[in-house]
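Participant: Provided herewith: coords-v5.csv, CSV, C-alpha atoms.
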```csv
chain,number,residue,atom,x,y,z
A,10,MET,CA,-172.9,-0.5,12.8
A,11,SER,CA,-173.8,-3.0,15.5
A,12,ALA,CA,-170.8,-5.2,15.3
A,13,LEU,CA,-168.5,-2.2,15.4
A,14,ALA,CA,-170.2,-0.8,18.4
A,15,ASN,CA,-170.0,-4.1,20.2
A,16,GLU,CA,-166.4,-4.6,19.7
A,17,PRO,CA,-164.6,-5.6,23.0
A,18,GLY,CA,-162.9,-2.6,24.5
A,19,THR,CA,-165.3,0.0,23.2
A,20,SER,CA,-168.5,-1.2,24.8
A,21,ALA,CA,-169.7,-3.2,27.8
A,22,HIS,CA,-172.7,-4.7,26.1
A,23,ASP,CA,-173.3,-8.4,26.4
A,24,GLY,CA,-173.8,-8.7,22.6
A,25,GLY,CA,-170.1,-8.1,22.1
A,26,ARG,CA,-169.3,-11.4,23.6
A,27,MET,CA,-171.4,-13.3,21.1
A,28,ASN,CA,-169.7,-11.6,18.1
A,29,TYR,CA,-166.4,-12.2,19.6
A,30,GLY,CA,-167.1,-15.9,20.0
A,31,ARG,CA,-168.1,-16.1,16.3
A,32,LEU,CA,-165.0,-14.2,15.3
A,33,CYS,CA,-162.8,-16.6,17.3
A,34,GLY,CA,-164.5,-19.5,15.6
A,35,LEU,CA,-163.9,-18.0,12.1
A,36,LEU,CA,-160.3,-17.2,12.9
A,37,PHE,CA,-159.7,-20.6,14.3
A,38,THR,CA,-160.9,-22.1,11.0
A,39,ILE,CA,-158.7,-19.8,9.0
A,40,PHE,CA,-155.6,-20.5,11.1
A,41,PHE,CA,-156.2,-24.2,11.1
A,42,LEU,CA,-156.2,-24.0,7.3
A,43,ALA,CA,-153.1,-21.9,7.3
A,44,GLY,CA,-151.4,-24.3,9.8
A,45,CYS,CA,-150.2,-21.4,11.9
A,46,ALA,CA,-150.9,-20.4,15.5
A,47,ASP,CA,-149.0,-17.1,15.5
A,48,ARG,CA,-151.1,-14.0,15.7
A,49,THR,CA,-149.5,-12.0,12.8
A,50,VAL,CA,-149.1,-13.7,9.4
A,51,ILE,CA,-147.3,-12.0,6.6
A,52,VAL,CA,-147.0,-13.1,2.9
A,53,LEU,CA,-145.1,-11.4,0.1
A,54,VAL,CA,-146.8,-11.8,-3.3
A,55,PRO,CA,-146.1,-10.5,-6.8
A,56,ASP,CA,-147.6,-7.2,-7.9
A,57,ARG,CA,-149.6,-6.7,-11.1
A,58,SER,CA,-146.5,-6.4,-13.2
A,59,GLY,CA,-145.4,-9.9,-12.0
A,60,ALA,CA,-142.5,-8.4,-10.0
A,61,THR,CA,-141.9,-9.3,-6.4
A,62,GLY,CA,-140.5,-6.7,-4.0
A,63,ARG,CA,-138.7,-7.2,-0.7
A,64,ILE,CA,-139.8,-6.7,2.9
A,65,ALA,CA,-138.1,-7.0,6.3
A,66,VAL,CA,-140.2,-8.2,9.3
A,67,THR,CA,-138.7,-7.0,12.6
A,68,ASN,CA,-139.5,-7.1,16.2
A,69,ASP,CA,-137.5,-6.9,19.5
A,70,ALA,CA,-136.1,-10.4,19.0
A,71,GLY,CA,-135.0,-10.4,15.4
A,72,THR,CA,-135.5,-9.7,11.7
A,73,VAL,CA,-136.6,-11.9,8.8
A,74,GLU,CA,-136.4,-10.9,5.2
A,75,LEU,CA,-138.8,-12.0,2.5
A,76,ASP,CA,-137.8,-11.5,-1.1
A,77,ARG,CA,-139.5,-14.3,-3.2
A,78,PRO,CA,-143.1,-14.8,-4.3
A,79,SER,CA,-145.3,-16.6,-1.7
A,80,MET,CA,-142.6,-16.3,1.0
A,81,ALA,CA,-144.3,-16.0,4.4
A,82,THR,CA,-143.4,-15.5,8.0
A,83,SER,CA,-145.3,-15.1,11.2
A,84,ALA,CA,-144.9,-13.6,14.7
A,85,ARG,CA,-146.2,-14.6,18.1
A,86,ASN,CA,-145.2,-11.6,20.1
A,87,ARG,CA,-142.5,-8.9,20.1
A,88,SER,CA,-140.1,-10.9,22.2
A,89,THR,CA,-140.1,-14.0,20.0
A,90,PRO,CA,-138.2,-13.7,16.7
A,91,PRO,CA,-140.4,-13.9,13.5
A,92,ALA,CA,-140.6,-17.4,12.2
A,93,PRO,CA,-138.0,-18.5,9.6
A,94,PRO,CA,-139.4,-17.8,6.0
A,95,THR,CA,-141.4,-20.6,4.4
A,96,LEU,CA,-143.2,-20.7,1.1
A,97,MET,CA,-147.0,-20.6,1.6
A,98,GLU,CA,-149.0,-22.8,-0.8
A,99,GLN,CA,-151.3,-20.9,-3.2
A,100,LYS,CA,-154.4,-22.5,-1.8
A,101,LYS,CA,-153.5,-21.3,1.7
A,102,ILE,CA,-152.9,-17.8,0.4
A,103,ASP,CA,-156.3,-18.0,-1.3
A,104,ALA,CA,-158.0,-19.3,1.8
A,105,LEU,CA,-156.5,-16.5,4.0
A,106,PHE,CA,-156.5,-13.6,1.5
A,107,GLY,CA,-158.5,-14.5,-1.6
A,108,ASP,CA,-161.5,-12.3,-0.9
A,109,LEU,CA,-159.1,-9.4,0.0
A,110,LEU,CA,-157.1,-9.7,-3.2
A,111,ALA,CA,-160.4,-9.6,-5.2
A,112,PHE,CA,-161.3,-6.4,-3.5
A,113,GLU,CA,-158.1,-4.4,-4.3
A,114,PRO,CA,-159.0,-1.2,-6.1
A,115,SER,CA,-157.4,-1.2,-9.6
A,116,PRO,CA,-154.3,1.0,-9.9
A,117,PRO,CA,-154.8,4.7,-10.9
A,118,GLU,CA,-154.6,5.4,-14.7
A,119,ARG,CA,-152.2,8.0,-16.0
A,120,PHE,CA,-152.4,10.1,-19.2
A,121,ILE,CA,-149.9,12.7,-20.6
A,122,LEU,CA,-151.1,15.6,-22.7
A,123,HIS,CA,-148.6,17.7,-24.6
A,124,PHE,CA,-148.7,21.4,-25.6
A,125,ASP,CA,-147.8,23.7,-28.5
A,126,SER,CA,-144.7,25.8,-27.8
A,127,ASN,CA,-145.0,28.3,-25.0
A,128,GLY,CA,-148.7,28.3,-24.8
A,129,ILE,CA,-151.6,26.5,-23.2
A,130,THR,CA,-152.9,25.0,-26.4
A,131,ILE,CA,-153.1,21.2,-26.1
A,132,ASP,CA,-151.6,19.7,-29.3
A,133,ASP,CA,-153.7,17.7,-31.8
A,134,ALA,CA,-152.4,14.3,-30.8
A,135,SER,CA,-153.1,14.9,-27.2
A,136,ILE,CA,-156.6,16.3,-27.8
A,137,ALA,CA,-157.4,12.8,-29.2
A,138,LEU,CA,-156.6,11.4,-25.7
A,139,VAL,CA,-159.4,13.4,-24.0
A,140,PRO,CA,-162.1,10.8,-24.8
A,141,GLU,CA,-159.9,8.1,-23.2
A,142,ILE,CA,-159.5,10.2,-20.0
A,143,LEU,CA,-163.3,10.7,-19.9
A,144,ALA,CA,-163.8,7.0,-20.4
A,145,SER,CA,-161.4,6.2,-17.6
A,146,ILE,CA,-163.2,8.6,-15.3
A,147,ARG,CA,-166.6,7.1,-16.1
A,148,ARG,CA,-165.4,3.5,-15.9
A,149,ARG,CA,-163.7,4.0,-12.5
A,150,GLU,CA,-166.5,6.4,-11.3
A,151,SER,CA,-163.6,8.5,-10.3
A,152,THR,CA,-164.0,11.3,-7.8
A,153,ASP,CA,-160.3,12.0,-7.6
A,154,ILE,CA,-158.5,13.3,-10.6
A,155,VAL,CA,-155.2,15.3,-10.5
A,156,ALA,CA,-153.8,17.4,-13.3
A,157,VAL,CA,-150.1,18.4,-12.8
A,158,GLY,CA,-148.6,20.9,-15.3
A,159,HIS,CA,-145.0,20.9,-16.5
A,160,SER,CA,-142.9,23.1,-18.8
A,161,ASP,CA,-139.7,22.8,-20.7
A,162,THR,CA,-136.6,24.8,-19.7
A,163,VAL,CA,-137.0,27.7,-22.2
A,164,GLY,CA,-137.3,31.0,-20.3
A,165,ASP,CA,-137.6,32.1,-16.7
A,166,GLU,CA,-138.3,29.5,-13.9
A,167,THR,CA,-141.0,31.6,-12.2
A,168,GLU,CA,-142.8,32.2,-15.5
A,169,ASN,CA,-142.6,28.5,-16.3
A,170,GLN,CA,-144.2,27.7,-12.9
A,171,ALA,CA,-147.1,30.0,-13.8
A,172,LEU,CA,-147.3,28.6,-17.3
A,173,SER,CA,-147.5,25.0,-16.1
A,174,ASN,CA,-150.2,26.1,-13.7
A,175,ARG,CA,-152.2,27.6,-16.6
A,176,ARG,CA,-151.7,24.3,-18.5
A,177,ALA,CA,-153.1,22.3,-15.7
A,178,GLU,CA,-156.0,24.7,-15.4
A,179,ALA,CA,-156.6,24.4,-19.2
A,180,VAL,CA,-156.8,20.7,-18.9
A,181,LYS,CA,-159.2,21.0,-16.0
A,182,ASP,CA,-161.4,23.3,-18.1
A,183,VAL,CA,-161.6,20.9,-20.9
A,184,LEU,CA,-162.6,18.0,-18.6
A,185,VAL,CA,-165.2,20.2,-16.8
A,186,LYS,CA,-166.7,21.3,-20.2
A,187,GLN,CA,-167.1,17.6,-20.9
A,188,GLY,CA,-169.1,17.2,-17.8
A,189,VAL,CA,-166.6,16.2,-15.1
A,190,ILE,CA,-167.5,17.7,-11.7
A,191,ALA,CA,-165.0,20.5,-11.0
A,192,ASP,CA,-164.7,19.6,-7.3
A,193,PHE,CA,-163.3,16.2,-8.3
A,194,ILE,CA,-160.3,17.7,-10.1
A,195,ARG,CA,-157.2,19.1,-8.4
A,196,THR,CA,-154.4,20.9,-10.2
A,197,ASP,CA,-150.8,21.4,-9.4
A,198,SER,CA,-147.8,22.8,-11.2
A,199,HIS,CA,-144.1,21.7,-11.2
A,200,GLY,CA,-142.8,24.2,-13.7
A,201,GLU,CA,-139.4,23.0,-15.0
A,202,SER,CA,-138.5,21.1,-11.8
A,203,ASN,CA,-139.7,17.7,-12.9
A,204,LEU,CA,-138.6,17.2,-16.5
A,205,LEU,CA,-139.7,14.0,-18.3
A,206,ILE,CA,-136.7,14.4,-20.6
A,207,LYS,CA,-133.6,15.7,-18.8
A,208,THR,CA,-132.2,18.7,-20.7
A,209,ALA,CA,-130.0,21.7,-20.1
A,210,ASP,CA,-131.5,25.1,-19.4
A,211,ASN,CA,-133.2,26.9,-22.3
A,212,VAL,CA,-133.9,23.8,-24.4
A,213,ASP,CA,-137.1,23.6,-26.4
A,214,GLU,CA,-138.3,20.0,-25.6
A,215,PRO,CA,-141.9,19.3,-26.7
A,216,ARG,CA,-142.1,16.2,-24.5
A,217,ASN,CA,-141.4,18.3,-21.4
A,218,ARG,CA,-144.4,20.6,-22.1
A,219,ARG,CA,-147.1,18.5,-20.6
A,220,VAL,CA,-149.8,17.9,-18.1
A,221,GLU,CA,-149.9,14.6,-16.4
A,222,VAL,CA,-153.5,13.5,-15.5
A,223,THR,CA,-154.0,10.8,-12.9
A,224,VAL,CA,-157.4,9.2,-12.6
A,225,ARG,CA,-157.8,7.5,-9.2
B,14,MET,CA,-168.4,3.6,32.2
B,15,ARG,CA,-164.9,4.2,33.5
B,16,ARG,CA,-163.7,2.0,30.6
B,17,ALA,CA,-165.5,4.1,28.1
B,18,ALA,CA,-164.0,7.2,29.6
B,19,SER,CA,-160.5,5.9,29.5
B,20,ALA,CA,-161.0,4.8,25.9
B,21,LEU,CA,-162.2,8.3,25.0
B,22,LEU,CA,-159.2,9.8,26.8
B,23,ALA,CA,-156.8,7.5,24.8
B,24,LEU,CA,-158.5,8.5,21.6
B,25,LEU,CA,-158.1,12.2,22.4
B,26,LEU,CA,-154.4,11.7,23.2
B,27,LEU,CA,-154.0,9.8,20.0
B,28,SER,CA,-155.7,12.5,17.9
B,29,GLY,CA,-153.6,15.1,19.6
B,30,THR,CA,-150.4,13.5,18.5
B,31,THR,CA,-151.5,13.0,14.9
B,32,SER,CA,-151.9,16.7,14.2
B,33,LEU,CA,-148.4,17.7,15.1
B,34,HIS,CA,-146.8,17.4,11.7
B,35,SER,CA,-149.4,18.2,9.1
B,36,ALA,CA,-152.4,20.5,8.9
B,37,GLU,CA,-155.6,19.3,10.4
B,38,ASN,CA,-158.1,18.1,7.8
B,39,GLU,CA,-155.4,17.6,5.1
B,40,ARG,CA,-156.6,14.9,2.7
B,41,ILE,CA,-154.4,11.9,2.2
B,42,GLY,CA,-156.5,9.7,0.0
B,43,ILE,CA,-159.9,8.4,-0.9
B,44,VAL,CA,-162.2,5.5,-0.1
B,45,LYS,CA,-162.4,3.9,-3.5
B,46,SER,CA,-164.7,0.9,-2.6
B,47,PHE,CA,-166.6,-0.4,0.3
B,48,SER,CA,-169.1,-3.1,1.2
B,49,GLY,CA,-170.9,-4.4,4.3
B,50,GLU,CA,-170.1,-2.7,7.6
B,51,ALA,CA,-167.3,-0.3,6.8
B,52,ALA,CA,-166.5,2.9,8.6
B,53,VAL,CA,-163.8,5.4,9.4
B,54,GLN,CA,-163.2,6.5,12.9
B,55,ARG,CA,-162.1,10.1,13.1
B,56,GLY,CA,-161.6,11.6,16.5
B,57,ASP,CA,-164.5,10.2,18.6
B,58,GLY,CA,-166.8,10.0,15.6
B,59,LEU,CA,-167.6,7.0,13.5
B,60,ILE,CA,-168.3,7.9,9.8
B,61,LYS,CA,-169.9,5.3,7.6
B,62,ALA,CA,-167.9,4.7,4.4
B,63,GLY,CA,-169.5,6.4,1.4
B,64,LYS,CA,-168.8,7.5,-2.1
B,65,THR,CA,-166.4,10.5,-2.5
B,66,MET,CA,-165.1,10.0,1.1
B,67,ARG,CA,-161.7,11.5,1.7
B,68,LEU,CA,-159.3,10.2,4.3
B,69,GLN,CA,-157.3,12.2,6.8
B,70,ARG,CA,-154.2,11.4,8.7
B,71,GLY,CA,-155.0,9.6,11.9
B,72,ASP,CA,-158.2,8.0,10.5
B,73,VAL,CA,-158.9,4.5,11.7
B,74,LEU,CA,-160.4,2.1,9.2
B,75,ARG,CA,-162.9,-0.2,10.8
B,76,THR,CA,-164.9,-3.1,9.3
B,77,GLY,CA,-167.5,-5.5,10.7
B,78,ALA,CA,-167.9,-9.2,10.1
B,79,ASP,CA,-169.0,-8.6,6.4
B,80,GLY,CA,-167.1,-5.4,5.8
B,81,LYS,CA,-164.4,-4.5,3.3
B,82,LEU,CA,-162.7,-1.2,2.3
B,83,GLY,CA,-160.5,-0.2,-0.6
B,84,VAL,CA,-158.4,2.9,-0.4
B,85,ILE,CA,-156.1,4.8,-2.9
B,86,PHE,CA,-153.7,7.2,-1.2
B,87,ASP,CA,-152.5,10.4,-2.9
B,88,ASP,CA,-149.1,8.8,-3.6
B,89,ASP,CA,-150.9,5.8,-5.4
B,90,THR,CA,-150.4,3.4,-2.5
B,91,ILE,CA,-153.4,1.0,-2.5
B,92,ILE,CA,-154.8,-0.9,0.4
B,93,ALA,CA,-157.6,-3.4,0.7
B,94,VAL,CA,-159.0,-4.0,4.2
B,95,GLY,CA,-160.8,-7.3,5.1
B,96,PRO,CA,-163.6,-8.1,7.6
B,97,ASN,CA,-163.2,-7.5,11.3
B,98,SER,CA,-160.4,-5.1,10.9
B,99,ARG,CA,-159.1,-2.1,12.8
B,100,ILE,CA,-156.3,-0.3,11.0
B,101,SER,CA,-155.1,3.3,11.7
B,102,ILE,CA,-153.2,5.5,9.3
B,103,ASP,CA,-150.7,7.0,11.8
B,104,GLU,CA,-148.6,8.9,9.3
B,105,PHE,CA,-149.0,10.0,5.7
B,106,LEU,CA,-146.9,12.7,4.2
B,107,PHE,CA,-146.3,13.0,0.5
B,108,ARG,CA,-144.4,16.2,-0.5
B,109,PRO,CA,-141.6,14.9,-2.7
B,110,ALA,CA,-140.4,18.3,-3.8
B,111,GLU,CA,-139.5,19.0,-0.1
B,112,ASN,CA,-138.4,15.4,0.4
B,113,LYS,CA,-141.0,15.0,3.1
B,114,MET,CA,-142.5,11.6,2.9
B,115,SER,CA,-143.8,8.9,5.3
B,116,PHE,CA,-146.3,6.2,5.5
B,117,VAL,CA,-147.1,4.4,8.7
B,118,ALA,CA,-150.2,2.1,9.1
B,119,ARG,CA,-150.9,0.2,12.3
B,120,ILE,CA,-152.9,-3.0,12.0
B,121,PHE,CA,-154.5,-3.7,15.4
B,122,THR,CA,-156.5,-6.6,14.1
B,123,GLY,CA,-157.8,-7.9,10.8
B,124,ALA,CA,-156.4,-8.3,7.3
B,125,ILE,CA,-154.8,-5.9,4.9
B,126,SER,CA,-153.4,-6.1,1.4
B,127,TYR,CA,-150.8,-3.4,0.8
B,128,ILE,CA,-149.5,-2.3,-2.7
B,129,SER,CA,-146.7,0.2,-2.4
B,130,GLY,CA,-146.9,3.6,-4.1
B,131,GLN,CA,-144.5,6.5,-4.7
B,132,ILE,CA,-143.5,7.0,-1.1
B,133,ALA,CA,-142.1,3.4,-1.0
B,134,ARG,CA,-140.3,4.0,-4.3
B,135,LEU,CA,-138.8,7.4,-3.3
B,136,ALA,CA,-138.2,6.8,0.5
B,137,PRO,CA,-138.6,3.1,1.3
B,138,GLU,CA,-137.0,3.6,4.7
B,139,ARG,CA,-140.0,5.8,5.7
B,140,VAL,CA,-142.7,3.2,5.1
B,141,ARG,CA,-143.8,1.0,8.0
B,142,LEU,CA,-146.6,-1.4,8.6
B,143,GLU,CA,-147.0,-2.1,12.3
B,144,THR,CA,-148.8,-5.1,13.9
B,145,PRO,CA,-148.8,-5.8,17.7
B,146,GLU,CA,-146.2,-8.5,17.1
B,147,ALA,CA,-143.9,-7.1,14.4
B,148,THR,CA,-142.9,-4.2,12.2
B,149,ILE,CA,-142.8,-4.6,8.4
B,150,GLY,CA,-140.5,-2.4,6.5
B,151,THR,CA,-141.0,-2.6,2.7
B,152,ARG,CA,-139.1,-1.9,-0.5
B,153,GLY,CA,-142.3,-2.8,-2.3
B,154,THR,CA,-144.5,-4.0,-3.6
B,155,HIS,CA,-147.3,-6.3,-2.6
B,156,VAL,CA,-147.7,-7.6,1.0
B,157,LEU,CA,-150.5,-9.4,2.7
B,158,ILE,CA,-150.9,-9.3,6.5
B,159,ASN,CA,-153.3,-11.0,8.8
B,160,VAL,CA,-153.6,-10.2,12.5
B,161,LYS,CA,-155.7,-12.5,14.6
B,162,GLY,CA,-158.2,-10.8,16.8
B,163,THR,CA,-157.8,-11.0,20.6
B,164,SER,CA,-159.1,-9.1,23.6
B,165,ASP,CA,-157.8,-5.6,24.0
B,166,LYS,CA,-154.1,-6.3,24.1
B,167,THR,CA,-153.3,-4.1,21.1
B,168,LYS,CA,-152.1,-0.9,22.8
```
Please lay out the structure from this file as structure tokens.
Facilitator:
Amino acid sequence: MSALANEPGTSAHDGGRMNYGRLCGLLFTIFFLAGCADRTVIVLVPDRSGATGRIAVTNDAGTVELDRPSMATSARNRSTPPAPPTLMEQKKIDALFGDLLAFEPSPPERFILHFDSNGITIDDASIALVPEILASIRRRESTDIVAVGHSDTVGDETENQALSNRRAEAVKDVLVKQGVIADFIRTDSHGESNLLIKTADNVDEPRNRRVEVTVR
Amino acid sequence: MRRAASALLALLLLSGTTSLHSAENERIGIVKSFSGEAAVQRGDGLIKAGKTMRLQRGDVLRTGADGKLGVIFDDDTIIAVGPNSRISIDEFLFRPAENKMSFVARIFTGAISYISGQIARLAPERVRLETPEATIGTRGTHVLINVKGTSDKTK
């Protein structure tokens, strides 16, 4: 951890100065490429679905909104307004952020398992999903799996909370029997408070009897 | 020596304020990937990034010249952290049933890619990415930020 230990401000070693010089050189190159001298640079880019969100960049002197792909701004300090938005060329985005984009963890995967009426028996179609869940866990080398149980609105709310908890535990048991480390799986239950299909009370709705498994 | 002592004091004050709103040691996400010099500063300890590492509120993500970190938070927010970075997770609260949600990350220096999760979808006004020069509020979804390193002017 030598470079971390030598960072200015945390240590008085002479070695820190050398790393700092190298860092400045690297950053000078990056910012020369980006054509920008401001210290903070912000770019809005599309997400995996192709959609672009919206952000507001604010400091003591003003606000700038970005709402289109590749739209960028920068800020020098808190008392100078953020720069008017410009479109950053793709090759500049790649030069500044290409390595970072390539390092993004892939988004969590989600599976929904359904249950026979009022019980904790996973229905046949959903049992067929179990190998896919196991494959996802293996592929991602996941150590963070969450199973959240849900019920339909038939019967008492408190009982449904307990029932959906037993469903989540049932799914955990299936995964553990297939070799997943129990410590990597958390369970939770939402009872009838988080319906997939909105219904009135006391409605038998198979799609609401479910456990949602998230593999991170 | 005096400088080290004041840095330690600042750190203690910082960790004191981060435990006000949520239980100590409460997990907020996982380190999903790491390479090179990559560590998490927790209190006054520096923990080298490793498999199955769980993050806590107040953790500071730190990377060296060749370091990178990938994190998935419990609300599915994803961040990637580039080399020479120092980024603290000042707030993370995800209890949608109680309508208690917030996400605040502070980028002192370095580069971050942020992909919004459920907190930004359910409570966008409670998501903030802070740099020394500006505050980024987001309604999603994918934002890239670079903060040039300088001497210790980040406080």
Participant: Output the contact residues of chain A with respect to chain B at a cut-off of 6 Å, based on only C-alpha atoms, as a list of chain:residue names.
Facilitator: A:Ala12, A:Leu13, A:Gly18, A:Arg48, A:Thr49, A:Val50, A:Ile51, A:Val52, A:Leu53, A:Val54, A:Asp56, A:Gly62, A:Arg63, A:Ile64, A:Ala65, A:Val66, A:Thr67, A:Asn68, A:Ala84, A:Asn86, A:Arg87, A:Leu109, A:Glu113, A:Pro114, A:Thr152
Participant: Work out how far CA of Glu166 in chain A is from CA of Thr208 in chain A, in Å to one decimal.
Facilitator: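 Between CA of Thr208 in chain A and CA of Glu166 in chain A the gap is 14.1 Å.
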Participant: How many Å separate CA of Thr61 in chain A from CA of Glu74 in chain A?
Facilitator: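 Distance between the two atoms: 12.9 Å.
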Participant: In Å to one decimal, how far is CA of Gly71 in chain B from CA of Ala111 in chain A?
Facilitator: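 Those two atoms sit 26.3 Å apart.
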Participant: Once you count all atoms listed in the file, which residues end up no further than 12 Å from (-142.0, 20.5, -23.8) in the file's frame, shown as a ChimeraX atom specification?
Facilitator: /A:121-129,131-132,158-163,169,172-173,176,200-201,203-208,211-220
Participant: Provide range 52-70 of chain B rebuilt to N, CA and C atoms, formatted as an mmCIF file, in the frame of the given file.
Facilitator:
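See part10.cif below for the written result:
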```
data_model
loop_
_atom_site.group_PDB
_atom_site.id
_atom_site.type_symbol
_atom_site.label_atom_id
_atom_site.label_comp_id
_atom_site.auth_asym_id
_atom_site.auth_seq_id
_atom_site.Cartn_x
_atom_site.Cartn_y
_atom_site.Cartn_z
ATOM 1 N N ALA B 52 -166.466 1.577 8.039
ATOM 2 C CA ALA B 52 -166.500 2.900 8.600
ATOM 3 C C ALA B 52 -165.141 3.475 8.831
ATOM 4 N N VAL B 53 -165.089 4.786 9.013
ATOM 5 C CA VAL B 53 -163.800 5.400 9.400
ATOM 6 C C VAL B 53 -164.055 6.136 10.711
ATOM 7 N N GLN B 54 -163.187 5.831 11.653
ATOM 8 C CA GLN B 54 -163.200 6.500 12.900
ATOM 9 C C GLN B 54 -162.323 7.712 12.893
ATOM 10 N N ARG B 55 -162.917 8.869 13.116
ATOM 11 C CA ARG B 55 -162.100 10.100 13.100
ATOM 12 C C ARG B 55 -162.400 10.865 14.357
ATOM 13 N N GLY B 56 -161.347 11.043 15.162
ATOM 14 C CA GLY B 56 -161.600 11.600 16.500
ATOM 15 C C GLY B 56 -162.488 10.640 17.240
ATOM 16 N N ASP B 57 -163.541 11.156 17.863
ATOM 17 C CA ASP B 57 -164.500 10.200 18.600
ATOM 18 C C ASP B 57 -165.711 9.962 17.732
ATOM 19 N N GLY B 58 -165.672 10.317 16.445
ATOM 20 C CA GLY B 58 -166.800 10.000 15.600
ATOM 21 C C GLY B 58 -166.588 8.836 14.697
ATOM 22 N N LEU B 59 -167.669 8.125 14.376
ATOM 23 C CA LEU B 59 -167.600 7.000 13.500
ATOM 24 C C LEU B 59 -168.375 7.370 12.210
ATOM 25 N N ILE B 60 -167.684 7.449 11.061
ATOM 26 C CA ILE B 60 -168.300 7.900 9.800
ATOM 27 C C ILE B 60 -168.487 6.683 8.911
ATOM 28 N N LYS B 61 -169.701 6.399 8.520
ATOM 29 C CA LYS B 61 -169.900 5.300 7.600
ATOM 30 C C LYS B 61 -169.281 5.546 6.276
ATOM 31 N N ALA B 62 -168.620 4.529 5.716
ATOM 32 C CA ALA B 62 -167.900 4.700 4.400
ATOM 33 C C ALA B 62 -168.958 5.067 3.354
ATOM 34 N N GLY B 63 -168.586 5.984 2.466
ATOM 35 C CA GLY B 63 -169.500 6.400 1.400
ATOM 36 C C GLY B 63 -168.705 6.837 0.189
ATOM 37 N N LYS B 64 -169.430 7.044 -0.910
ATOM 38 C CA LYS B 64 -168.800 7.500 -2.100
ATOM 39 C C LYS B 64 -168.207 8.933 -1.881
ATOM 40 N N THR B 65 -167.128 9.244 -2.535
ATOM 41 C CA THR B 65 -166.400 10.500 -2.500
ATOM 42 C C THR B 65 -165.826 10.798 -1.075
ATOM 43 N N MET B 66 -165.702 9.766 -0.238
ATOM 44 C CA MET B 66 -165.100 10.000 1.100
ATOM 45 C C MET B 66 -163.636 10.172 1.016
ATOM 46 N N ARG B 67 -163.163 11.239 1.655
ATOM 47 C CA ARG B 67 -161.700 11.500 1.700
ATOM 48 C C ARG B 67 -161.161 11.220 3.034
ATOM 49 N N LEU B 68 -159.970 10.630 3.030
ATOM 50 C CA LEU B 68 -159.300 10.200 4.300
ATOM 51 C C LEU B 68 -158.409 11.320 4.799
ATOM 52 N N GLN B 69 -158.220 11.315 6.120
ATOM 53 C CA GLN B 69 -157.300 12.200 6.800
ATOM 54 C C GLN B 69 -156.289 11.403 7.588
ATOM 55 N N ARG B 70 -155.135 12.015 7.847
ATOM 56 C CA ARG B 70 -154.200 11.400 8.700
ATOM 57 C C ARG B 70 -154.774 11.117 10.084
#
```
